[in-house]
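Undergrad: Coordinates in entry30.pdb, PDB, C-alpha atoms and all ligand atoms, are listed below.
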```pdb
ATOM      1  CA  MET A 749    -121.095 -52.181 220.611  1.00  0.00           C
ATOM      2  CA  THR A 750    -124.059 -53.692 222.369  1.00  0.00           C
ATOM      3  CA  ASP A 751    -122.169 -56.090 224.602  1.00  0.00           C
ATOM      4  CA  SER A 752    -118.672 -54.946 225.471  1.00  0.00           C
ATOM      5  CA  ASN A 753    -117.470 -58.454 226.315  1.00  0.00           C
ATOM      6  CA  ILE A 754    -118.196 -60.125 222.997  1.00  0.00           C
ATOM      7  CA  PRO A 755    -116.252 -58.937 219.943  1.00  0.00           C
ATOM      8  CA  VAL A 756    -118.477 -57.968 217.016  1.00  0.00           C
ATOM      9  CA  THR A 757    -117.082 -60.653 214.709  1.00  0.00           C
ATOM     10  CA  GLU A 758    -117.991 -63.291 217.292  1.00  0.00           C
ATOM     11  CA  THR A 759    -121.599 -62.095 217.429  1.00  0.00           C
ATOM     12  CA  TRP A 760    -121.826 -62.246 213.614  1.00  0.00           C
ATOM     13  CA  LEU A 761    -120.353 -65.734 213.401  1.00  0.00           C
ATOM     14  CA  ARG A 762    -122.920 -66.927 215.946  1.00  0.00           C
ATOM     15  CA  LYS A 763    -125.821 -65.120 214.353  1.00  0.00           C
ATOM     16  CA  HIS A 764    -124.949 -66.075 210.765  1.00  0.00           C
ATOM     17  CA  ARG A 765    -123.557 -69.543 211.471  1.00  0.00           C
ATOM     18  CA  LEU A 766    -125.555 -71.250 208.723  1.00  0.00           C
ATOM     19  CA  GLN A 767    -124.527 -68.783 206.027  1.00  0.00           C
ATOM     20  CA  TYR A 768    -120.903 -68.902 207.125  1.00  0.00           C
ATOM     21  CA  THR A 769    -120.859 -72.684 207.156  1.00  0.00           C
ATOM     22  CA  GLY A 770    -122.478 -72.678 203.721  1.00  0.00           C
ATOM     23  CA  ALA A 771    -119.421 -70.816 202.440  1.00  0.00           C
ATOM     24  CA  THR A 772    -116.725 -72.701 204.347  1.00  0.00           C
ATOM     25  CA  ARG A 773    -118.150 -76.228 204.034  1.00  0.00           C
ATOM     26  CA  HIS A 774    -119.416 -75.941 200.485  1.00  0.00           C
ATOM     27  CA  PRO A 775    -119.789 -79.178 198.472  1.00  0.00           C
ATOM     28  CA  PHE A 776    -116.819 -78.128 196.323  1.00  0.00           C
ATOM     29  CA  ILE A 777    -114.579 -77.879 199.384  1.00  0.00           C
ATOM     30  CA  LEU A 778    -115.980 -81.110 200.818  1.00  0.00           C
ATOM     31  CA  SER A 779    -115.212 -82.842 197.519  1.00  0.00           C
ATOM     32  CA  ILE A 780    -111.589 -81.660 197.722  1.00  0.00           C
ATOM     33  CA  ARG A 781    -111.440 -82.868 201.292  1.00  0.00           C
ATOM     34  CA  ASP A 782    -112.825 -86.326 200.541  1.00  0.00           C
ATOM     35  CA  GLY A 783    -110.918 -86.726 197.283  1.00  0.00           C
ATOM     36  CA  SER A 784    -113.986 -86.988 195.044  1.00  0.00           C
ATOM     37  CA  VAL A 785    -113.367 -83.609 193.393  1.00  0.00           C
ATOM     38  CA  ASP A 786    -114.007 -83.346 189.712  1.00  0.00           C
ATOM     39  CA  PHE A 787    -110.862 -82.005 188.039  1.00  0.00           C
ATOM     40  CA  SER A 788    -112.771 -80.011 185.473  1.00  0.00           C
ATOM     41  CA  SER A 789    -114.370 -78.138 188.397  1.00  0.00           C
ATOM     42  CA  PHE A 790    -110.966 -77.542 189.889  1.00  0.00           C
ATOM     43  CA  LYS A 791    -109.697 -76.145 186.595  1.00  0.00           C
ATOM     44  CA  ARG A 792    -112.741 -73.916 186.261  1.00  0.00           C
ATOM     45  CA  TRP A 793    -112.163 -72.617 189.784  1.00  0.00           C
ATOM     46  CA  LEU A 794    -108.477 -72.031 189.032  1.00  0.00           C
ATOM     47  CA  GLY A 795    -109.134 -69.878 185.966  1.00  0.00           C
ATOM     48  CA  GLN A 796    -111.941 -67.912 187.567  1.00  0.00           C
ATOM     49  CA  ASP A 797    -110.012 -67.343 190.784  1.00  0.00           C
ATOM     50  CA  TYR A 798    -107.069 -66.001 188.828  1.00  0.00           C
ATOM     51  CA  ILE A 799    -109.366 -63.327 187.410  1.00  0.00           C
ATOM     52  CA  PHE A 800    -110.775 -62.675 190.869  1.00  0.00           C
ATOM     53  CA  VAL A 801    -107.340 -62.248 192.420  1.00  0.00           C
ATOM     54  CA  ARG A 802    -106.377 -59.692 189.779  1.00  0.00           C
ATOM     55  CA  SER A 803    -109.420 -57.595 190.800  1.00  0.00           C
ATOM     56  CA  PHE A 804    -108.696 -58.246 194.428  1.00  0.00           C
ATOM     57  CA  VAL A 805    -105.347 -56.390 194.195  1.00  0.00           C
ATOM     58  CA  PRO A 806    -106.817 -52.902 193.603  1.00  0.00           C
ATOM     59  CA  PHE A 807    -109.408 -53.600 196.292  1.00  0.00           C
ATOM     60  CA  VAL A 808    -106.728 -54.440 198.889  1.00  0.00           C
ATOM     61  CA  ALA A 809    -104.769 -51.381 197.722  1.00  0.00           C
ATOM     62  CA  SER A 810    -107.860 -49.272 198.462  1.00  0.00           C
ATOM     63  CA  VAL A 811    -108.057 -50.756 201.966  1.00  0.00           C
ATOM     64  CA  LEU A 812    -104.392 -49.847 202.418  1.00  0.00           C
ATOM     65  CA  MET A 813    -105.169 -46.246 201.432  1.00  0.00           C
ATOM     66  CA  LYS A 814    -108.069 -46.096 203.879  1.00  0.00           C
ATOM     67  CA  SER A 815    -105.881 -47.476 206.656  1.00  0.00           C
ATOM     68  CA  CYS A 816    -103.361 -44.686 206.046  1.00  0.00           C
ATOM     69  CA  LYS A 817    -106.052 -42.013 206.254  1.00  0.00           C
ATOM     70  CA  ASP A 818    -108.314 -43.321 208.992  1.00  0.00           C
ATOM     71  CA  GLU A 819    -107.624 -42.076 212.488  1.00  0.00           C
ATOM     72  CA  SER A 820    -108.820 -45.353 214.042  1.00  0.00           C
ATOM     73  CA  SER A 821    -106.057 -47.179 212.163  1.00  0.00           C
ATOM     74  CA  ASP A 822    -102.574 -47.695 213.560  1.00  0.00           C
ATOM     75  CA  ASP A 823     -99.127 -48.350 212.035  1.00  0.00           C
ATOM     76  CA  ASP A 824     -99.461 -52.089 212.399  1.00  0.00           C
ATOM     77  CA  ASP A 825    -102.635 -52.134 210.282  1.00  0.00           C
ATOM     78  CA  MET A 826    -100.829 -50.547 207.367  1.00  0.00           C
ATOM     79  CA  GLU A 827     -97.975 -53.038 207.575  1.00  0.00           C
ATOM     80  CA  LEU A 828    -100.304 -56.029 207.801  1.00  0.00           C
ATOM     81  CA  ILE A 829    -102.274 -54.954 204.742  1.00  0.00           C
ATOM     82  CA  LEU A 830     -99.078 -54.149 202.863  1.00  0.00           C
ATOM     83  CA  GLY A 831     -97.858 -57.669 203.594  1.00  0.00           C
ATOM     84  CA  GLY A 832    -101.142 -58.966 202.196  1.00  0.00           C
ATOM     85  CA  ILE A 833    -100.558 -57.072 198.966  1.00  0.00           C
ATOM     86  CA  ALA A 834     -96.999 -58.366 198.714  1.00  0.00           C
ATOM     87  CA  SER A 835     -98.165 -61.958 199.006  1.00  0.00           C
ATOM     88  CA  LEU A 836    -100.695 -61.413 196.224  1.00  0.00           C
ATOM     89  CA  LYS A 837     -97.786 -61.011 193.833  1.00  0.00           C
ATOM     90  CA  ASP A 838     -96.635 -64.467 194.819  1.00  0.00           C
ATOM     91  CA  GLU A 839    -100.179 -65.728 194.507  1.00  0.00           C
ATOM     92  CA  ILE A 840    -100.535 -64.468 190.942  1.00  0.00           C
ATOM     93  CA  ASN A 841     -97.345 -66.325 190.018  1.00  0.00           C
ATOM     94  CA  TRP A 842     -98.681 -69.442 191.691  1.00  0.00           C
ATOM     95  CA  PHE A 843    -101.865 -69.264 189.609  1.00  0.00           C
ATOM     96  CA  LYS A 844     -99.778 -68.966 186.446  1.00  0.00           C
ATOM     97  CA  GLN A 845     -97.727 -72.000 187.428  1.00  0.00           C
ATOM     98  CA  GLN A 846    -100.793 -74.085 188.257  1.00  0.00           C
ATOM     99  CA  ALA A 847    -102.517 -73.008 185.061  1.00  0.00           C
ATOM    100  CA  SER A 848     -99.618 -74.179 182.959  1.00  0.00           C
ATOM    101  CA  LYS A 849     -99.494 -77.459 184.905  1.00  0.00           C
ATOM    102  CA  TYR A 850    -103.197 -78.106 184.246  1.00  0.00           C
ATOM    103  CA  HIS A 851    -103.229 -76.674 180.721  1.00  0.00           C
ATOM    104  CA  VAL A 852    -105.601 -73.873 181.609  1.00  0.00           C
ATOM    105  CA  SER A 853    -105.121 -70.892 179.318  1.00  0.00           C
ATOM    106  CA  LEU A 854    -105.395 -67.809 181.517  1.00  0.00           C
ATOM    107  CA  THR A 855    -105.636 -65.427 178.583  1.00  0.00           C
ATOM    108  CA  SER A 856    -108.813 -66.957 177.225  1.00  0.00           C
ATOM    109  CA  ILE A 857    -110.878 -67.219 180.388  1.00  0.00           C
ATOM    110  CA  ILE A 858    -114.327 -65.725 180.231  1.00  0.00           C
ATOM    111  CA  PRO A 859    -115.352 -64.356 183.614  1.00  0.00           C
ATOM    112  CA  GLN A 860    -118.582 -65.990 184.767  1.00  0.00           C
ATOM    113  CA  ASN A 861    -121.517 -64.055 186.160  1.00  0.00           C
ATOM    114  CA  ALA A 862    -120.839 -64.855 189.797  1.00  0.00           C
ATOM    115  CA  ASN A 863    -117.258 -63.686 189.347  1.00  0.00           C
ATOM    116  CA  ILE A 864    -118.248 -60.480 187.553  1.00  0.00           C
ATOM    117  CA  LYS A 865    -120.708 -59.670 190.316  1.00  0.00           C
ATOM    118  CA  TYR A 866    -118.184 -60.368 193.032  1.00  0.00           C
ATOM    119  CA  CYS A 867    -115.544 -58.171 191.347  1.00  0.00           C
ATOM    120  CA  ARG A 868    -118.103 -55.384 190.958  1.00  0.00           C
ATOM    121  CA  PHE A 869    -118.923 -55.653 194.615  1.00  0.00           C
ATOM    122  CA  LEU A 870    -115.238 -55.285 195.462  1.00  0.00           C
ATOM    123  CA  GLU A 871    -115.024 -52.245 193.254  1.00  0.00           C
ATOM    124  CA  SER A 872    -118.017 -50.673 194.999  1.00  0.00           C
ATOM    125  CA  LEU A 873    -116.043 -50.808 198.241  1.00  0.00           C
ATOM    126  CA  THR A 874    -113.038 -48.917 196.900  1.00  0.00           C
ATOM    127  CA  GLY A 875    -114.646 -45.452 196.952  1.00  0.00           C
ATOM    128  CA  SER A 876    -113.519 -42.929 199.558  1.00  0.00           C
ATOM    129  CA  GLU A 877    -117.062 -42.748 200.976  1.00  0.00           C
ATOM    130  CA  VAL A 878    -116.781 -46.349 202.184  1.00  0.00           C
ATOM    131  CA  GLU A 879    -115.512 -46.404 205.755  1.00  0.00           C
ATOM    132  CA  TYR A 880    -112.265 -48.156 206.638  1.00  0.00           C
ATOM    133  CA  ALA A 881    -114.151 -50.326 209.159  1.00  0.00           C
ATOM    134  CA  VAL A 882    -116.492 -51.579 206.421  1.00  0.00           C
ATOM    135  CA  ALA A 883    -113.724 -52.228 203.882  1.00  0.00           C
ATOM    136  CA  ILE A 884    -111.480 -54.045 206.366  1.00  0.00           C
ATOM    137  CA  THR A 885    -114.490 -56.179 207.328  1.00  0.00           C
ATOM    138  CA  ALA A 886    -114.806 -57.251 203.693  1.00  0.00           C
ATOM    139  CA  LEU A 887    -111.085 -58.011 203.500  1.00  0.00           C
ATOM    140  CA  TRP A 888    -111.222 -60.160 206.625  1.00  0.00           C
ATOM    141  CA  ALA A 889    -114.344 -62.003 205.465  1.00  0.00           C
ATOM    142  CA  ILE A 890    -112.895 -62.713 202.000  1.00  0.00           C
ATOM    143  CA  GLU A 891    -109.686 -64.125 203.457  1.00  0.00           C
ATOM    144  CA  VAL A 892    -111.205 -66.058 206.338  1.00  0.00           C
ATOM    145  CA  VAL A 893    -113.644 -67.963 204.123  1.00  0.00           C
ATOM    146  CA  TYR A 894    -110.737 -69.338 202.087  1.00  0.00           C
ATOM    147  CA  GLN A 895    -108.617 -69.936 205.170  1.00  0.00           C
ATOM    148  CA  ASP A 896    -111.363 -71.793 206.996  1.00  0.00           C
ATOM    149  CA  SER A 897    -112.370 -73.783 203.889  1.00  0.00           C
ATOM    150  CA  PHE A 898    -108.905 -74.982 202.943  1.00  0.00           C
ATOM    151  CA  ALA A 899    -107.775 -75.545 206.532  1.00  0.00           C
ATOM    152  CA  HIS A 900    -110.710 -77.949 206.808  1.00  0.00           C
ATOM    153  CA  CYS A 901    -109.189 -79.909 203.913  1.00  0.00           C
ATOM    154  CA  LEU A 902    -105.945 -80.301 205.875  1.00  0.00           C
ATOM    155  CA  GLU A 903    -107.575 -81.675 209.016  1.00  0.00           C
ATOM    156  CA  GLU A 904    -107.112 -85.261 210.068  1.00  0.00           C
ATOM    157  CA  GLY A 905    -109.059 -87.831 208.134  1.00  0.00           C
ATOM    158  CA  SER A 906    -109.152 -85.850 204.903  1.00  0.00           C
ATOM    159  CA  ARG A 907    -108.228 -87.525 201.619  1.00  0.00           C
ATOM    160  CA  VAL A 908    -107.120 -84.615 199.474  1.00  0.00           C
ATOM    161  CA  PRO A 909    -105.738 -85.717 196.100  1.00  0.00           C
ATOM    162  CA  HIS A 910    -101.966 -85.345 196.040  1.00  0.00           C
ATOM    163  CA  GLU A 911    -102.130 -82.736 193.265  1.00  0.00           C
ATOM    164  CA  LEU A 912    -104.358 -80.461 195.353  1.00  0.00           C
ATOM    165  CA  GLN A 913    -102.396 -80.634 198.580  1.00  0.00           C
ATOM    166  CA  GLU A 914    -100.438 -77.500 197.653  1.00  0.00           C
ATOM    167  CA  THR A 915    -103.636 -75.566 196.944  1.00  0.00           C
ATOM    168  CA  CYS A 916    -105.011 -76.475 200.366  1.00  0.00           C
ATOM    169  CA  GLU A 917    -101.761 -75.462 202.043  1.00  0.00           C
ATOM    170  CA  ARG A 918    -101.682 -72.131 200.242  1.00  0.00           C
ATOM    171  CA  TRP A 919    -104.761 -70.930 202.130  1.00  0.00           C
ATOM    172  CA  GLY A 920    -104.970 -73.462 204.930  1.00  0.00           C
ATOM    173  CA  ASN A 921    -101.496 -72.870 206.370  1.00  0.00           C
ATOM    174  CA  GLU A 922    -100.938 -71.544 209.883  1.00  0.00           C
ATOM    175  CA  GLY A 923     -99.274 -68.317 208.703  1.00  0.00           C
ATOM    176  CA  PHE A 924    -102.332 -67.392 206.683  1.00  0.00           C
ATOM    177  CA  GLY A 925    -104.464 -68.348 209.688  1.00  0.00           C
ATOM    178  CA  GLU A 926    -102.485 -65.887 211.774  1.00  0.00           C
ATOM    179  CA  PHE A 927    -102.917 -63.191 209.122  1.00  0.00           C
ATOM    180  CA  CYS A 928    -106.690 -63.734 209.247  1.00  0.00           C
ATOM    181  CA  ARG A 929    -106.709 -63.527 213.049  1.00  0.00           C
ATOM    182  CA  SER A 930    -104.841 -60.220 212.864  1.00  0.00           C
ATOM    183  CA  LEU A 931    -107.367 -58.870 210.343  1.00  0.00           C
ATOM    184  CA  ARG A 932    -110.166 -59.991 212.615  1.00  0.00           C
ATOM    185  CA  GLY A 933    -108.515 -58.131 215.504  1.00  0.00           C
ATOM    186  CA  ILE A 934    -108.519 -54.946 213.421  1.00  0.00           C
ATOM    187  CA  VAL A 935    -112.193 -55.388 212.542  1.00  0.00           C
ATOM    188  CA  ASP A 936    -113.144 -55.844 216.188  1.00  0.00           C
ATOM    189  CA  ARG A 937    -111.075 -52.886 217.281  1.00  0.00           C
ATOM    190  CA  CYS A 938    -112.503 -50.585 214.579  1.00  0.00           C
ATOM    191  CA  LEU A 939    -116.078 -51.610 215.287  1.00  0.00           C
ATOM    192  CA  GLN A 940    -115.731 -51.211 219.002  1.00  0.00           C
ATOM    193  CA  LYS A 941    -115.426 -47.477 218.395  1.00  0.00           C
ATOM    194  CA  ALA A 942    -117.821 -47.296 215.440  1.00  0.00           C
ATOM    195  CA  SER A 943    -121.331 -45.843 215.276  1.00  0.00           C
ATOM    196  CA  PRO A 944    -124.322 -48.224 215.084  1.00  0.00           C
ATOM    197  CA  GLU A 945    -124.730 -47.309 211.391  1.00  0.00           C
ATOM    198  CA  VAL A 946    -121.184 -48.277 210.536  1.00  0.00           C
ATOM    199  CA  ILE A 947    -121.495 -51.496 212.549  1.00  0.00           C
ATOM    200  CA  SER A 948    -124.629 -52.389 210.678  1.00  0.00           C
ATOM    201  CA  LYS A 949    -123.071 -51.521 207.292  1.00  0.00           C
ATOM    202  CA  ALA A 950    -120.124 -53.754 208.177  1.00  0.00           C
ATOM    203  CA  GLU A 951    -122.461 -56.616 209.087  1.00  0.00           C
ATOM    204  CA  VAL A 952    -124.290 -56.304 205.761  1.00  0.00           C
ATOM    205  CA  CYS A 953    -120.905 -56.268 204.045  1.00  0.00           C
ATOM    206  CA  PHE A 954    -119.813 -59.414 205.902  1.00  0.00           C
ATOM    207  CA  LEU A 955    -122.972 -61.212 204.806  1.00  0.00           C
ATOM    208  CA  SER A 956    -122.554 -60.054 201.203  1.00  0.00           C
ATOM    209  CA  VAL A 957    -119.051 -61.483 201.089  1.00  0.00           C
ATOM    210  CA  VAL A 958    -120.285 -64.802 202.446  1.00  0.00           C
ATOM    211  CA  GLU A 959    -123.019 -64.912 199.795  1.00  0.00           C
ATOM    212  CA  HIS A 960    -120.622 -64.034 196.987  1.00  0.00           C
ATOM    213  CA  GLU A 961    -118.270 -66.780 198.186  1.00  0.00           C
ATOM    214  CA  VAL A 962    -121.068 -69.367 198.028  1.00  0.00           C
ATOM    215  CA  GLU A 963    -121.923 -68.239 194.489  1.00  0.00           C
ATOM    216  CA  PHE A 964    -118.257 -68.444 193.556  1.00  0.00           C
ATOM    217  CA  TRP A 965    -118.021 -72.071 194.699  1.00  0.00           C
ATOM    218  CA  ASN A 966    -121.330 -72.846 192.976  1.00  0.00           C
ATOM    219  CA  MET A 967    -119.903 -71.504 189.736  1.00  0.00           C
ATOM    220  CA  SER A 968    -116.817 -73.658 190.173  1.00  0.00           C
ATOM    221  CA  VAL A 969    -118.764 -76.877 190.517  1.00  0.00           C
ATOM    222  CA  GLY A 970    -120.610 -75.857 187.381  1.00  0.00           C
ATOM    223  CA  ASP A 971    -123.989 -75.143 188.893  1.00  0.00           C
ATOM    224  CA  VAL A 972    -126.045 -73.933 185.921  1.00  0.00           C
ATOM    225  CA  GLY A 973    -127.861 -71.481 188.165  1.00  0.00           C
ATOM    226  CA  ALA A 974    -124.610 -69.634 188.618  1.00  0.00           C
ATOM    227  CA  VAL A 975    -123.676 -69.245 184.952  1.00  0.00           C
TER     228      VAL A 975
HETATM  229  C1  LIG B1001    -113.184 -66.015 195.498  1.00  0.00           C
HETATM  230  C2  LIG B1001    -112.026 -65.868 196.417  1.00  0.00           C
HETATM  231  N1  LIG B1001    -112.248 -65.542 197.695  1.00  0.00           N
HETATM  232  C3  LIG B1001    -111.215 -65.397 198.552  1.00  0.00           C
HETATM  233  C4  LIG B1001    -109.928 -65.583 198.134  1.00  0.00           C
HETATM  234  C5  LIG B1001    -108.793 -65.454 199.135  1.00  0.00           C
HETATM  235  O1  LIG B1001    -107.798 -64.626 198.730  1.00  0.00           O
HETATM  236  C6  LIG B1001    -109.723 -65.919 196.776  1.00  0.00           C
HETATM  237  N2  LIG B1001    -108.479 -66.129 196.273  1.00  0.00           N
HETATM  238  N3  LIG B1001    -110.794 -66.059 195.958  1.00  0.00           N
END
```
In structure tokens, what does this structure look like?
TA:
Amino acid sequence: MTDSNIPVTETWLRKHRLQYTGATRHPFILSIRDGSVDFSSFKRWLGQDYIFVRSFVPFVASVLMKSCKDESSDDDDMELILGGIASLKDEINWFKQQASKYHVSLTSIIPQNANIKYCRFLESLTGSEVEYAVAITALWAIEVVYQDSFAHCLEEGSRVPHELQETCERWGNEGFGEFCRSLRGIVDRCLQKASPEVISKAEVCFLSVVEHEVEFWNMSVGDVGAV
């Protein structure tokens, strides 16, 4: 670490503020927050995110495996990640419920390009050659973008449509916020001891996640460039 007083994640968030804000204050999220959201966009997001979450499970499982093998990991890491996997089961059920409520057929969804690319990226991180520090960075970044985005929709002055309140609470709730802070703590701890190469790989990985998240939202609002 270059400056021992500032955690690595803090330096990234300062350095890549614009990119991060692009992902967490995307027009799609702002439209949920101000109530102007187009429901066909919401339904598109719902179907695509269901596919994403199914690919996300093996990725998180691979992070769990790395945490069990890596000597810089501790017992708490394993339990935190395991809890994350357990809640994905609940999340998959939630998607099924929402899909039936909005008449979205989950069996006939065609994954869009941005989604395919994002899932491929996740898969590329599952190999044993990818360091735990890099993989846990991706996990934190993936979760914190959703947490930060949906928590913004719950802030005072927002006008979220009643039907979407539950969606915002799913990722914007305080418990999930705490989970993200714990993940961030792991990232900072791992990178404090990491080599400059691993730190730089993790930073590239963080930025890739942020870019994939922007593309994912773009796809949801139906940006033709993303299809
Ligand atoms: C695209 C995407 N990013 C992050 C999350 C958070 O789990 C999600 N469900 N989907």
Undergrad: Between A:Ser848, A:Ser943, A:Gln913, A:Ser835, which is the closest to ligand LIG 1001 (chain B) once you count all atoms listed in the file?
TA: A:Ser835
Undergrad: Near Trp842 in chain A, counting all atoms listed in the file, which residues have an atom at most 12 Å away, once you skip same-chain residues fewer than 5 positions from it, shown as a list in words?
TA: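 The residues that qualify are Leu794, Gly795, Asp797, Tyr798, Val801, Ser835, Leu836, Lys837, Ala847, Ser848, Lys849, Glu914, Thr915 and Arg918 of chain A.
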Undergrad: Quick one: residues within 9 Å of ligand LIG 1001 (chain B), with all atoms listed in the file, as a PyMOL selection string?
TA: chain A and resi 793+796-798+800-801+804+836+839+863+866+887+889-895+919+957+960-962+964-965
Undergrad: Here's the selection I'm unsure about, the PyMOL selection byres (((chain A and resi 860) around 8) and not hetatm); applied to the file above, which residues does it give, as a PyMOL selection string?
TA: chain A and resi 796+858-859+861-864+967+975
Undergrad: Using only C-alpha atoms, which of A:His774, A:Lys949, A:Asp782, A:Lys763 sits nearest Glu904 in chain A?
TA: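 Counting only C-alpha atoms, the residue closest to Glu904 in chain A is A:Asp782.
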Undergrad: What does the distance between CA of Gln846 in chain A and CA of Gly920 in chain A come to in Å, to one decimal place?
TA: 17.2 Å
Undergrad: Smallest atom-to-atom distance to Phe807 in chain A: which of A:Ser876, A:Asn921, A:Ser906, A:Ser956, using all atoms listed in the file?
TA: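 Looking only at the distances to Phe807 in chain A, the closest residue turns out to be A:Ser876.
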Undergrad: For the structure provided, state which residues fall under the PyMOL selection byres (((chain A and resi 926-937) around 6) and not hetatm), and present them as a list in words.
TA: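 This file, filtered by the PyMOL selection byres (((chain A and resi 926-937) around 6) and not hetatm), leaves Pro755, Val756, Thr885, Trp888, Val892, Gly923, Phe924, Gly925, Cys938, Leu939 and Gln940 of chain A.
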Undergrad: I'd like the interatomic distance between CA of Val805 in chain A and CA of Glu963 in chain A, to a tenth of an Å.
TA: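 Between CA of Val805 in chain A and CA of Glu963 in chain A the gap works out to 20.4 Å.
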Undergrad: Using all atoms listed in the file, can you tell me which of A:Arg762, A:Arg792, A:Arg781, A:Arg868 comes closest to Gly905 in chain A?
TA: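 Selected residue with least distance to Gly905 in chain A: A:Arg781.
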Undergrad: Quick one: residues within 9 Å of Lys791 in chain A, all atoms listed in the file, excluding same-chain residues fewer than 6 positions away - as a count of residues only?
TA: 5
Undergrad: Just the number, please: distance in Å from CA of Cys901 in chain A to CA of Ala834 in chain A, one decimal.
TA: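 Atom-to-atom, CA of Cys901 in chain A to CA of Ala834 in chain A, that is 25.3 Å.
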Undergrad: For Ile799 in chain A, which of A:Lys941, A:Lys844, A:Arg765, A:His910 is the closest residue, counting only C-alpha atoms?
TA: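 Closest to Ile799 in chain A, using only C-alpha atoms: A:Lys844.
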Undergrad: Nearest residue to Asn841 in chain A out of A:Glu945, A:Gln767, A:Ser821, A:Arg802, using all atoms listed in the file?
TA: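 Checking each of A:Glu945, A:Gln767, A:Ser821, A:Arg802 against Asn841 in chain A, counting all atoms listed in the file, the winner is A:Arg802.
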Undergrad: Skipping near chain neighbours, those fewer than 2 positions away, what residues fall within 9 Å of Ala883 in chain A using only C-alpha atoms, listed as a list in words?
TA: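 Final neighbour list, sorted by chain and number: Phe807, Val808, Ser810, Val811, Lys814, Leu873, Thr874, Val878, Glu879, Tyr880, Ala881, Thr885, Ala886, Leu887, Trp888, Ala950 and Cys953 of chain A.
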Undergrad: Please, what is the axis-aligned box for every listed atom of range 756-769 of chain A with 5 Å on each side, as centre and edge lengths in Å to one decimal, as AutoDock Vina command-line options?
TA:
```
--center_x -121.5 --center_y -65.3 --center_z 211.7 --size_x 18.7 --size_y 24.7 --size_z 21.4
```
Undergrad: Which protein, DNA or RNA residues are at most 8 Å from (-118.1, -79.5, 187.5) in the file's coordinates when you count all atoms listed in the file, listed as a tab-separated table (two decimals) with C-alpha atoms, keeping the file's coordinate frame?
TA:
```tsv
chain	number	residue	atom	x	y	z
A	786	ASP	CA	-114.01	-83.35	189.71
A	787	PHE	CA	-110.86	-82.00	188.04
A	788	SER	CA	-112.77	-80.01	185.47
A	789	SER	CA	-114.37	-78.14	188.40
A	790	PHE	CA	-110.97	-77.54	189.89
A	792	ARG	CA	-112.74	-73.92	186.26
A	968	SER	CA	-116.82	-73.66	190.17
A	969	VAL	CA	-118.76	-76.88	190.52
A	970	GLY	CA	-120.61	-75.86	187.38
A	971	ASP	CA	-123.99	-75.14	188.89
```
